[in-house]
Amino acid sequence: MKAAVITRHAITNYGSLLQAIATEKLFETVGLECETIDYIRDDEYYTEQEKTNLKNKPKYNSNPLTRAAYLALRQGEAVKGGRFFRDMQKKYLHLTKRYHSLAELETDKPEADIYVTGSDQVWGKIANVDFDTAYLLSFTDDGDRRFSYASSIGKTKLVGETADCFKRYLSRYDAVTVRESNAKEALSEIGIEAQQVLDPTLLFGSEYWSTFIEKDIEGDYILLYQLENNKRFNDYAKKVAEKTGLRLIRVSPLRHQMLRGGEFVYLPSLGELLSYIKNAKCVITDSFHATAFSINFNTPFIDILPSGENKCRNTSVLELTGLTARILDNYENLSLIDEKCDFEYANTVLDAEREKSFETVKKILDI
């Protein structure tokens, strides 16, 4: 059997790439061939990414001068980072030919025995649209087999035309599995039954992910992996560094993050990033996947929840693994760095959930 997976694999973001790698590994582990559908909308391709982002930033998009200044500062790093990630996508993933649009997928979809919506926020906002039906497998035909693995909505509710569209397309799936409990609840409210499974990056532990590491990072340091522009995050990290005397190392694919503090590591390779997480004394992060890999490697971490509905991604996995005590509740609280991060329960839970998730997939695929 062959699976064709559509997911958010082509963003300039380590978590997106890592989950795509893990999704392919999942299907290969249960005995299938697997390809990632190389679907990249033109407005999401790295050469157009910042132009698309500008439309959501009225502060910079208000006149030609501010638009030009923004692009002068950001376009170069977006293109450099995009090329770097594009090379890694080709290195680590089995890609189909490039699809630029939903129309191209509808005209010439890849051949497969089963079509899969992958993990990450595939059912959330895409570029400047609320969702893209390509990730609901709208391009597949009536006789095709379909299911989703650990898909994420990024919303706590589906309403109006969005709810109608999701119900129409997801009712065609053989099975729906999601990553977060709130996604399961949101789908249940529109009449779609879903099972909750592990994010694919959590299906495989330290032993597997360590195979990507060529060299261990040495020395004592605190690692910063930050997605949101949050000044209080930066100030808190500096206070922790002052208290502990440890170096702050910040990794990012975005060059402008060097202004946020810490020794800056720009565009580390996949193996280098994993090594930085594995060997840190502590990881301070607002990222779901940096949290997931801290748990995989049993690296102590402090979780600064992202804003809005995005926080449910982090809280869901922390509740599952019994690690909600690692959530920072107050920016004046410097005690978490001294408290032991006990992974014994988390490791036990993950072992059981990994087995359960694999069994769920095998049952869906009837293998």
# chains A, B, ... in the order shown; residues from 1 in each chain; ligands from 1

$ residues_around --residues "Lys362 (chain A)" --least-positions-apart "2" --cutoff "12 Å" --atoms "only C-alpha atoms" --output "count of residues only"
19

$ residues_around --residues "Val265 (chain A)" --least-positions-apart "6" --cutoff "9 Å" --atoms "only C-alpha atoms" --output "list of chain:residue names"
A:Ile249, A:Arg250, A:Val251, A:Ser252, A:Pro253, A:Arg255, A:Met258

$ write_last_selection --atoms "N, CA and C atoms" --output "short mmCIF file (atom, residue, chain, number, x, y, z; two decimals), in the first residue's frame"
data_model
loop_
_atom_site.label_atom_id
_atom_site.label_comp_id
_atom_site.auth_asym_id
_atom_site.auth_seq_id
_atom_site.Cartn_x
_atom_site.Cartn_y
_atom_site.Cartn_z
N ILE A 249 21.39 30.65 24.83
CA ILE A 249 21.58 30.43 23.40
C ILE A 249 20.20 30.45 22.75
N ARG A 250 20.05 31.27 21.71
CA ARG A 250 18.79 31.38 21.00
C ARG A 250 18.97 30.81 19.60
N VAL A 251 18.11 29.88 19.20
CA VAL A 251 18.15 29.34 17.84
C VAL A 251 16.91 29.79 17.09
N SER A 252 17.09 30.13 15.83
CA SER A 252 15.95 30.57 15.04
C SER A 252 16.29 30.58 13.55
N PRO A 253 15.28 30.36 12.70
CA PRO A 253 15.47 30.54 11.27
C PRO A 253 15.23 31.98 10.84
N ARG A 255 16.51 35.77 11.19
CA ARG A 255 17.70 36.52 11.58
C ARG A 255 17.39 37.67 12.53
N MET A 258 17.90 37.87 16.49
CA MET A 258 19.16 38.14 17.20
C MET A 258 19.03 39.35 18.13
#

$ closest_residue --among "A:Gln196, A:Ser151, A:Thr162, A:Gln89" --to "Asn13 (chain A)" --atoms "only C-alpha atoms"
A:Gln89

$ closest_residue --among "A:Leu18, A:Leu102, A:Leu320, A:Val159" --to "Phe139 (chain A)" --atoms "only C-alpha atoms"
A:Leu102

$ residues_around --residues "Gly15 (chain A)" --least-positions-apart "4" --cutoff "12 Å" --atoms "only C-alpha atoms" --output "number ranges by chain"
A: 7-11, 19-22, 85, 119-121, 199-202, 225-227, 252-253, 270, 273-274, 287-293

$ write_last_selection --atoms "N, CA and C atoms" --output "mmCIF file, in the first residue's frame"
data_model
loop_
_atom_site.group_PDB
_atom_site.id
_atom_site.type_symbol
_atom_site.label_atom_id
_atom_site.label_comp_id
_atom_site.auth_asym_id
_atom_site.auth_seq_id
_atom_site.Cartn_x
_atom_site.Cartn_y
_atom_site.Cartn_z
ATOM 1 N N THR A 7 0.334 17.878 4.177
ATOM 2 C CA THR A 7 0.560 18.499 5.477
ATOM 3 C C THR A 7 1.301 19.808 5.259
ATOM 4 N N ARG A 8 1.560 20.523 6.357
ATOM 5 C CA ARG A 8 2.257 21.809 6.248
ATOM 6 C C ARG A 8 3.765 21.558 6.360
ATOM 7 N N HIS A 9 4.324 20.934 5.358
ATOM 8 C CA HIS A 9 5.721 20.514 5.404
ATOM 9 C C HIS A 9 6.690 21.592 4.942
ATOM 10 N N ALA A 10 6.182 22.610 4.249
ATOM 11 C CA ALA A 10 7.064 23.516 3.512
ATOM 12 C C ALA A 10 7.150 24.915 4.110
ATOM 13 N N ILE A 11 6.842 25.036 5.382
ATOM 14 C CA ILE A 11 6.990 26.315 6.070
ATOM 15 C C ILE A 11 8.428 26.419 6.570
ATOM 16 N N GLN A 19 7.569 17.231 12.008
ATOM 17 C CA GLN A 19 6.342 16.434 12.036
ATOM 18 C C GLN A 19 6.101 15.738 10.704
ATOM 19 N N ALA A 20 6.531 16.363 9.596
ATOM 20 C CA ALA A 20 6.382 15.719 8.289
ATOM 21 C C ALA A 20 7.288 14.488 8.185
ATOM 22 N N ILE A 21 8.512 14.616 8.686
ATOM 23 C CA ILE A 21 9.432 13.473 8.713
ATOM 24 C C ILE A 21 8.831 12.338 9.536
ATOM 25 N N ALA A 22 8.294 12.681 10.707
ATOM 26 C CA ALA A 22 7.748 11.665 11.604
ATOM 27 C C ALA A 22 6.506 11.005 11.016
ATOM 28 N N PHE A 85 15.504 25.641 4.134
ATOM 29 C CA PHE A 85 14.499 24.641 4.485
ATOM 30 C C PHE A 85 14.077 23.820 3.281
ATOM 31 N N SER A 119 -0.397 16.010 10.180
ATOM 32 C CA SER A 119 -0.484 16.707 11.455
ATOM 33 C C SER A 119 -0.247 18.206 11.275
ATOM 34 N N ASP A 120 -0.001 18.862 12.395
ATOM 35 C CA ASP A 120 0.218 20.302 12.473
ATOM 36 C C ASP A 120 -1.091 21.040 12.198
ATOM 37 N N GLN A 121 -1.042 22.347 12.060
ATOM 38 C CA GLN A 121 -2.275 23.144 11.955
ATOM 39 C C GLN A 121 -2.791 23.184 10.513
ATOM 40 N N ASP A 199 0.892 13.518 18.531
ATOM 41 C CA ASP A 199 1.606 14.193 17.459
ATOM 42 C C ASP A 199 2.676 13.238 16.934
ATOM 43 N N PRO A 200 2.903 13.199 15.620
ATOM 44 C CA PRO A 200 3.858 12.218 15.091
ATOM 45 C C PRO A 200 5.259 12.345 15.667
ATOM 46 N N THR A 201 5.676 13.557 16.048
ATOM 47 C CA THR A 201 7.029 13.707 16.605
ATOM 48 C C THR A 201 7.168 12.991 17.937
ATOM 49 N N LEU A 202 6.042 12.762 18.630
ATOM 50 C CA LEU A 202 6.081 12.071 19.919
ATOM 51 C C LEU A 202 5.961 10.561 19.777
ATOM 52 N N TYR A 225 13.880 28.893 22.431
ATOM 53 C CA TYR A 225 13.226 28.633 21.146
ATOM 54 C C TYR A 225 11.884 29.345 21.207
ATOM 55 N N GLN A 226 11.778 30.440 20.470
ATOM 56 C CA GLN A 226 10.647 31.351 20.615
ATOM 57 C C GLN A 226 9.977 31.597 19.274
ATOM 58 N N LEU A 227 8.644 31.545 19.271
ATOM 59 C CA LEU A 227 7.888 31.827 18.062
ATOM 60 C C LEU A 227 7.264 33.221 18.092
ATOM 61 N N SER A 252 17.091 30.129 15.826
ATOM 62 C CA SER A 252 15.950 30.575 15.038
ATOM 63 C C SER A 252 16.288 30.578 13.554
ATOM 64 N N PRO A 253 15.282 30.356 12.702
ATOM 65 C CA PRO A 253 15.466 30.536 11.265
ATOM 66 C C PRO A 253 15.232 31.983 10.838
ATOM 67 N N LEU A 270 18.986 20.570 10.987
ATOM 68 C CA LEU A 270 18.023 19.811 11.777
ATOM 69 C C LEU A 270 18.719 19.075 12.918
ATOM 70 N N LEU A 273 19.852 21.535 15.643
ATOM 71 C CA LEU A 273 18.736 21.959 16.487
ATOM 72 C C LEU A 273 18.404 20.893 17.523
ATOM 73 N N LEU A 274 18.282 19.637 17.080
ATOM 74 C CA LEU A 274 17.950 18.558 18.005
ATOM 75 C C LEU A 274 19.029 18.390 19.061
ATOM 76 N N SER A 287 6.867 27.169 22.032
ATOM 77 C CA SER A 287 6.586 26.333 20.864
ATOM 78 C C SER A 287 6.098 24.943 21.271
ATOM 79 N N PHE A 288 5.057 24.460 20.586
ATOM 80 C CA PHE A 288 4.587 23.098 20.833
ATOM 81 C C PHE A 288 5.682 22.082 20.560
ATOM 82 N N HIS A 289 6.333 22.195 19.407
ATOM 83 C CA HIS A 289 7.291 21.155 19.046
ATOM 84 C C HIS A 289 8.573 21.229 19.865
ATOM 85 N N ALA A 290 8.984 22.416 20.287
ATOM 86 C CA ALA A 290 10.136 22.486 21.194
ATOM 87 C C ALA A 290 9.770 21.862 22.538
ATOM 88 N N THR A 291 8.524 22.029 22.958
ATOM 89 C CA THR A 291 8.049 21.354 24.165
ATOM 90 C C THR A 291 8.057 19.840 23.960
ATOM 91 N N ALA A 292 7.549 19.385 22.821
ATOM 92 C CA ALA A 292 7.497 17.948 22.537
ATOM 93 C C ALA A 292 8.887 17.325 22.534
ATOM 94 N N PHE A 293 9.850 18.000 21.919
ATOM 95 C CA PHE A 293 11.198 17.421 21.853
ATOM 96 C C PHE A 293 11.921 17.520 23.187
#

$ decode --residues "region 276-323 of chain A" --atoms "N, CA and C atoms" --output "PDB file, in the first residue's frame"
ATOM      1  N   TYR A 276      20.957  20.814  20.228  1.00  0.00           N
ATOM      2  CA  TYR A 276      20.813  21.931  21.165  1.00  0.00           C
ATOM      3  C   TYR A 276      19.720  21.636  22.191  1.00  0.00           C
ATOM      4  N   ILE A 277      18.604  21.035  21.740  1.00  0.00           N
ATOM      5  CA  ILE A 277      17.523  20.711  22.674  1.00  0.00           C
ATOM      6  C   ILE A 277      17.957  19.577  23.616  1.00  0.00           C
ATOM      7  N   LYS A 278      18.545  18.552  23.057  1.00  0.00           N
ATOM      8  CA  LYS A 278      18.915  17.371  23.842  1.00  0.00           C
ATOM      9  C   LYS A 278      19.924  17.693  24.942  1.00  0.00           C
ATOM     10  N   ASN A 279      20.856  18.586  24.670  1.00  0.00           N
ATOM     11  CA  ASN A 279      21.977  18.824  25.587  1.00  0.00           C
ATOM     12  C   ASN A 279      21.838  20.072  26.443  1.00  0.00           C
ATOM     13  N   ALA A 280      20.701  20.756  26.356  1.00  0.00           N
ATOM     14  CA  ALA A 280      20.499  21.966  27.160  1.00  0.00           C
ATOM     15  C   ALA A 280      20.274  21.616  28.626  1.00  0.00           C
ATOM     16  N   LYS A 281      20.658  22.529  29.496  1.00  0.00           N
ATOM     17  CA  LYS A 281      20.321  22.393  30.910  1.00  0.00           C
ATOM     18  C   LYS A 281      18.838  22.686  31.115  1.00  0.00           C
ATOM     19  N   CYS A 282      18.302  23.559  30.260  1.00  0.00           N
ATOM     20  CA  CYS A 282      16.880  23.870  30.298  1.00  0.00           C
ATOM     21  C   CYS A 282      16.499  24.516  28.977  1.00  0.00           C
ATOM     22  N   VAL A 283      15.282  24.249  28.515  1.00  0.00           N
ATOM     23  CA  VAL A 283      14.737  24.896  27.329  1.00  0.00           C
ATOM     24  C   VAL A 283      13.621  25.832  27.778  1.00  0.00           C
ATOM     25  N   ILE A 284      13.676  27.076  27.335  1.00  0.00           N
ATOM     26  CA  ILE A 284      12.588  28.012  27.566  1.00  0.00           C
ATOM     27  C   ILE A 284      11.912  28.242  26.220  1.00  0.00           C
ATOM     28  N   THR A 285      10.614  27.972  26.141  1.00  0.00           N
ATOM     29  CA  THR A 285       9.964  27.978  24.832  1.00  0.00           C
ATOM     30  C   THR A 285       8.485  28.307  24.921  1.00  0.00           C
ATOM     31  N   ASP A 286       7.936  28.803  23.809  1.00  0.00           N
ATOM     32  CA  ASP A 286       6.489  28.931  23.650  1.00  0.00           C
ATOM     33  C   ASP A 286       5.994  28.028  22.522  1.00  0.00           C
ATOM     34  N   SER A 287       6.867  27.169  22.032  1.00  0.00           N
ATOM     35  CA  SER A 287       6.586  26.333  20.864  1.00  0.00           C
ATOM     36  C   SER A 287       6.098  24.943  21.271  1.00  0.00           C
ATOM     37  N   PHE A 288       5.057  24.460  20.586  1.00  0.00           N
ATOM     38  CA  PHE A 288       4.587  23.098  20.833  1.00  0.00           C
ATOM     39  C   PHE A 288       5.682  22.082  20.560  1.00  0.00           C
ATOM     40  N   HIS A 289       6.333  22.195  19.407  1.00  0.00           N
ATOM     41  CA  HIS A 289       7.291  21.155  19.046  1.00  0.00           C
ATOM     42  C   HIS A 289       8.573  21.229  19.865  1.00  0.00           C
ATOM     43  N   ALA A 290       8.984  22.416  20.287  1.00  0.00           N
ATOM     44  CA  ALA A 290      10.136  22.486  21.194  1.00  0.00           C
ATOM     45  C   ALA A 290       9.770  21.862  22.538  1.00  0.00           C
ATOM     46  N   THR A 291       8.524  22.029  22.958  1.00  0.00           N
ATOM     47  CA  THR A 291       8.049  21.354  24.165  1.00  0.00           C
ATOM     48  C   THR A 291       8.057  19.840  23.960  1.00  0.00           C
ATOM     49  N   ALA A 292       7.549  19.385  22.821  1.00  0.00           N
ATOM     50  CA  ALA A 292       7.497  17.948  22.537  1.00  0.00           C
ATOM     51  C   ALA A 292       8.887  17.325  22.534  1.00  0.00           C
ATOM     52  N   PHE A 293       9.850  18.000  21.919  1.00  0.00           N
ATOM     53  CA  PHE A 293      11.198  17.421  21.853  1.00  0.00           C
ATOM     54  C   PHE A 293      11.921  17.520  23.187  1.00  0.00           C
ATOM     55  N   SER A 294      11.610  18.512  23.994  1.00  0.00           N
ATOM     56  CA  SER A 294      12.154  18.540  25.352  1.00  0.00           C
ATOM     57  C   SER A 294      11.675  17.312  26.116  1.00  0.00           C
ATOM     58  N   ILE A 295      10.402  16.966  25.933  1.00  0.00           N
ATOM     59  CA  ILE A 295       9.859  15.765  26.591  1.00  0.00           C
ATOM     60  C   ILE A 295      10.493  14.509  26.007  1.00  0.00           C
ATOM     61  N   ASN A 296      10.632  14.441  24.692  1.00  0.00           N
ATOM     62  CA  ASN A 296      11.268  13.274  24.064  1.00  0.00           C
ATOM     63  C   ASN A 296      12.667  13.031  24.611  1.00  0.00           C
ATOM     64  N   PHE A 297      13.438  14.108  24.779  1.00  0.00           N
ATOM     65  CA  PHE A 297      14.826  13.990  25.230  1.00  0.00           C
ATOM     66  C   PHE A 297      14.958  14.072  26.749  1.00  0.00           C
ATOM     67  N   ASN A 298      13.811  14.222  27.453  1.00  0.00           N
ATOM     68  CA  ASN A 298      13.847  14.396  28.909  1.00  0.00           C
ATOM     69  C   ASN A 298      14.729  15.569  29.316  1.00  0.00           C
ATOM     70  N   THR A 299      14.632  16.646  28.566  1.00  0.00           N
ATOM     71  CA  THR A 299      15.365  17.874  28.863  1.00  0.00           C
ATOM     72  C   THR A 299      14.462  18.795  29.681  1.00  0.00           C
ATOM     73  N   PRO A 300      14.894  19.260  30.849  1.00  0.00           N
ATOM     74  CA  PRO A 300      14.063  20.192  31.622  1.00  0.00           C
ATOM     75  C   PRO A 300      13.666  21.402  30.773  1.00  0.00           C
ATOM     76  N   PHE A 301      12.448  21.887  30.991  1.00  0.00           N
ATOM     77  CA  PHE A 301      11.969  23.003  30.175  1.00  0.00           C
ATOM     78  C   PHE A 301      11.034  23.885  30.980  1.00  0.00           C
ATOM     79  N   ILE A 302      10.871  25.096  30.505  1.00  0.00           N
ATOM     80  CA  ILE A 302       9.887  26.041  31.036  1.00  0.00           C
ATOM     81  C   ILE A 302       9.018  26.453  29.869  1.00  0.00           C
ATOM     82  N   ASP A 303       7.712  26.253  30.010  1.00  0.00           N
ATOM     83  CA  ASP A 303       6.785  26.522  28.915  1.00  0.00           C
ATOM     84  C   ASP A 303       6.086  27.864  29.147  1.00  0.00           C
ATOM     85  N   ILE A 304       6.326  28.803  28.255  1.00  0.00           N
ATOM     86  CA  ILE A 304       5.617  30.081  28.264  1.00  0.00           C
ATOM     87  C   ILE A 304       4.526  29.971  27.216  1.00  0.00           C
ATOM     88  N   LEU A 305       3.298  29.840  27.668  1.00  0.00           N
ATOM     89  CA  LEU A 305       2.206  29.548  26.739  1.00  0.00           C
ATOM     90  C   LEU A 305       2.041  30.664  25.713  1.00  0.00           C
ATOM     91  N   PRO A 306       1.819  30.290  24.438  1.00  0.00           N
ATOM     92  CA  PRO A 306       1.538  31.306  23.422  1.00  0.00           C
ATOM     93  C   PRO A 306       0.180  31.946  23.670  1.00  0.00           C
ATOM     94  N   SER A 307      -0.103  33.006  22.956  1.00  0.00           N
ATOM     95  CA  SER A 307      -1.324  33.764  23.185  1.00  0.00           C
ATOM     96  C   SER A 307      -2.529  33.117  22.501  1.00  0.00           C
ATOM     97  N   GLY A 308      -3.723  33.530  22.935  1.00  0.00           N
ATOM     98  CA  GLY A 308      -4.959  33.128  22.284  1.00  0.00           C
ATOM     99  C   GLY A 308      -5.199  31.623  22.294  1.00  0.00           C
ATOM    100  N   GLU A 309      -5.879  31.156  21.243  1.00  0.00           N
ATOM    101  CA  GLU A 309      -6.240  29.740  21.153  1.00  0.00           C
ATOM    102  C   GLU A 309      -5.035  28.851  20.880  1.00  0.00           C
ATOM    103  N   ASN A 310      -3.900  29.462  20.473  1.00  0.00           N
ATOM    104  CA  ASN A 310      -2.701  28.671  20.201  1.00  0.00           C
ATOM    105  C   ASN A 310      -2.205  27.926  21.432  1.00  0.00           C
ATOM    106  N   LYS A 311      -2.546  28.438  22.625  1.00  0.00           N
ATOM    107  CA  LYS A 311      -2.026  27.813  23.839  1.00  0.00           C
ATOM    108  C   LYS A 311      -2.531  26.384  24.019  1.00  0.00           C
ATOM    109  N   CYS A 312      -3.679  26.052  23.399  1.00  0.00           N
ATOM    110  CA  CYS A 312      -4.231  24.709  23.583  1.00  0.00           C
ATOM    111  C   CYS A 312      -3.300  23.636  23.031  1.00  0.00           C
ATOM    112  N   ARG A 313      -2.461  23.987  22.048  1.00  0.00           N
ATOM    113  CA  ARG A 313      -1.505  23.005  21.518  1.00  0.00           C
ATOM    114  C   ARG A 313      -0.559  22.547  22.618  1.00  0.00           C
ATOM    115  N   ASN A 314      -0.044  23.529  23.380  1.00  0.00           N
ATOM    116  CA  ASN A 314       0.921  23.203  24.433  1.00  0.00           C
ATOM    117  C   ASN A 314       0.245  22.557  25.634  1.00  0.00           C
ATOM    118  N   THR A 315      -0.883  23.129  26.068  1.00  0.00           N
ATOM    119  CA  THR A 315      -1.518  22.609  27.277  1.00  0.00           C
ATOM    120  C   THR A 315      -1.998  21.175  27.082  1.00  0.00           C
ATOM    121  N   SER A 316      -2.408  20.827  25.860  1.00  0.00           N
ATOM    122  CA  SER A 316      -2.910  19.476  25.610  1.00  0.00           C
ATOM    123  C   SER A 316      -1.830  18.433  25.881  1.00  0.00           C
ATOM    124  N   VAL A 317      -0.632  18.641  25.354  1.00  0.00           N
ATOM    125  CA  VAL A 317       0.434  17.655  25.553  1.00  0.00           C
ATOM    126  C   VAL A 317       0.955  17.688  26.990  1.00  0.00           C
ATOM    127  N   LEU A 318       0.936  18.848  27.634  1.00  0.00           N
ATOM    128  CA  LEU A 318       1.404  18.936  29.014  1.00  0.00           C
ATOM    129  C   LEU A 318       0.422  18.270  29.973  1.00  0.00           C
ATOM    130  N   GLU A 319      -0.862  18.392  29.680  1.00  0.00           N
ATOM    131  CA  GLU A 319      -1.863  17.688  30.493  1.00  0.00           C
ATOM    132  C   GLU A 319      -1.726  16.177  30.320  1.00  0.00           C
ATOM    133  N   LEU A 320      -1.513  15.746  29.085  1.00  0.00           N
ATOM    134  CA  LEU A 320      -1.367  14.316  28.815  1.00  0.00           C
ATOM    135  C   LEU A 320      -0.195  13.715  29.574  1.00  0.00           C
ATOM    136  N   THR A 321       0.912  14.426  29.606  1.00  0.00           N
ATOM    137  CA  THR A 321       2.148  13.894  30.195  1.00  0.00           C
ATOM    138  C   THR A 321       2.343  14.280  31.657  1.00  0.00           C
ATOM    139  N   GLY A 322       1.363  14.971  32.241  1.00  0.00           N
ATOM    140  CA  GLY A 322       1.465  15.338  33.650  1.00  0.00           C
ATOM    141  C   GLY A 322       2.522  16.378  33.938  1.00  0.00           C
ATOM    142  N   LEU A 323       2.788  17.245  32.968  1.00  0.00           N
ATOM    143  CA  LEU A 323       3.875  18.231  33.123  1.00  0.00           C
ATOM    144  C   LEU A 323       3.370  19.670  33.115  1.00  0.00           C
TER     145      LEU A 323
END
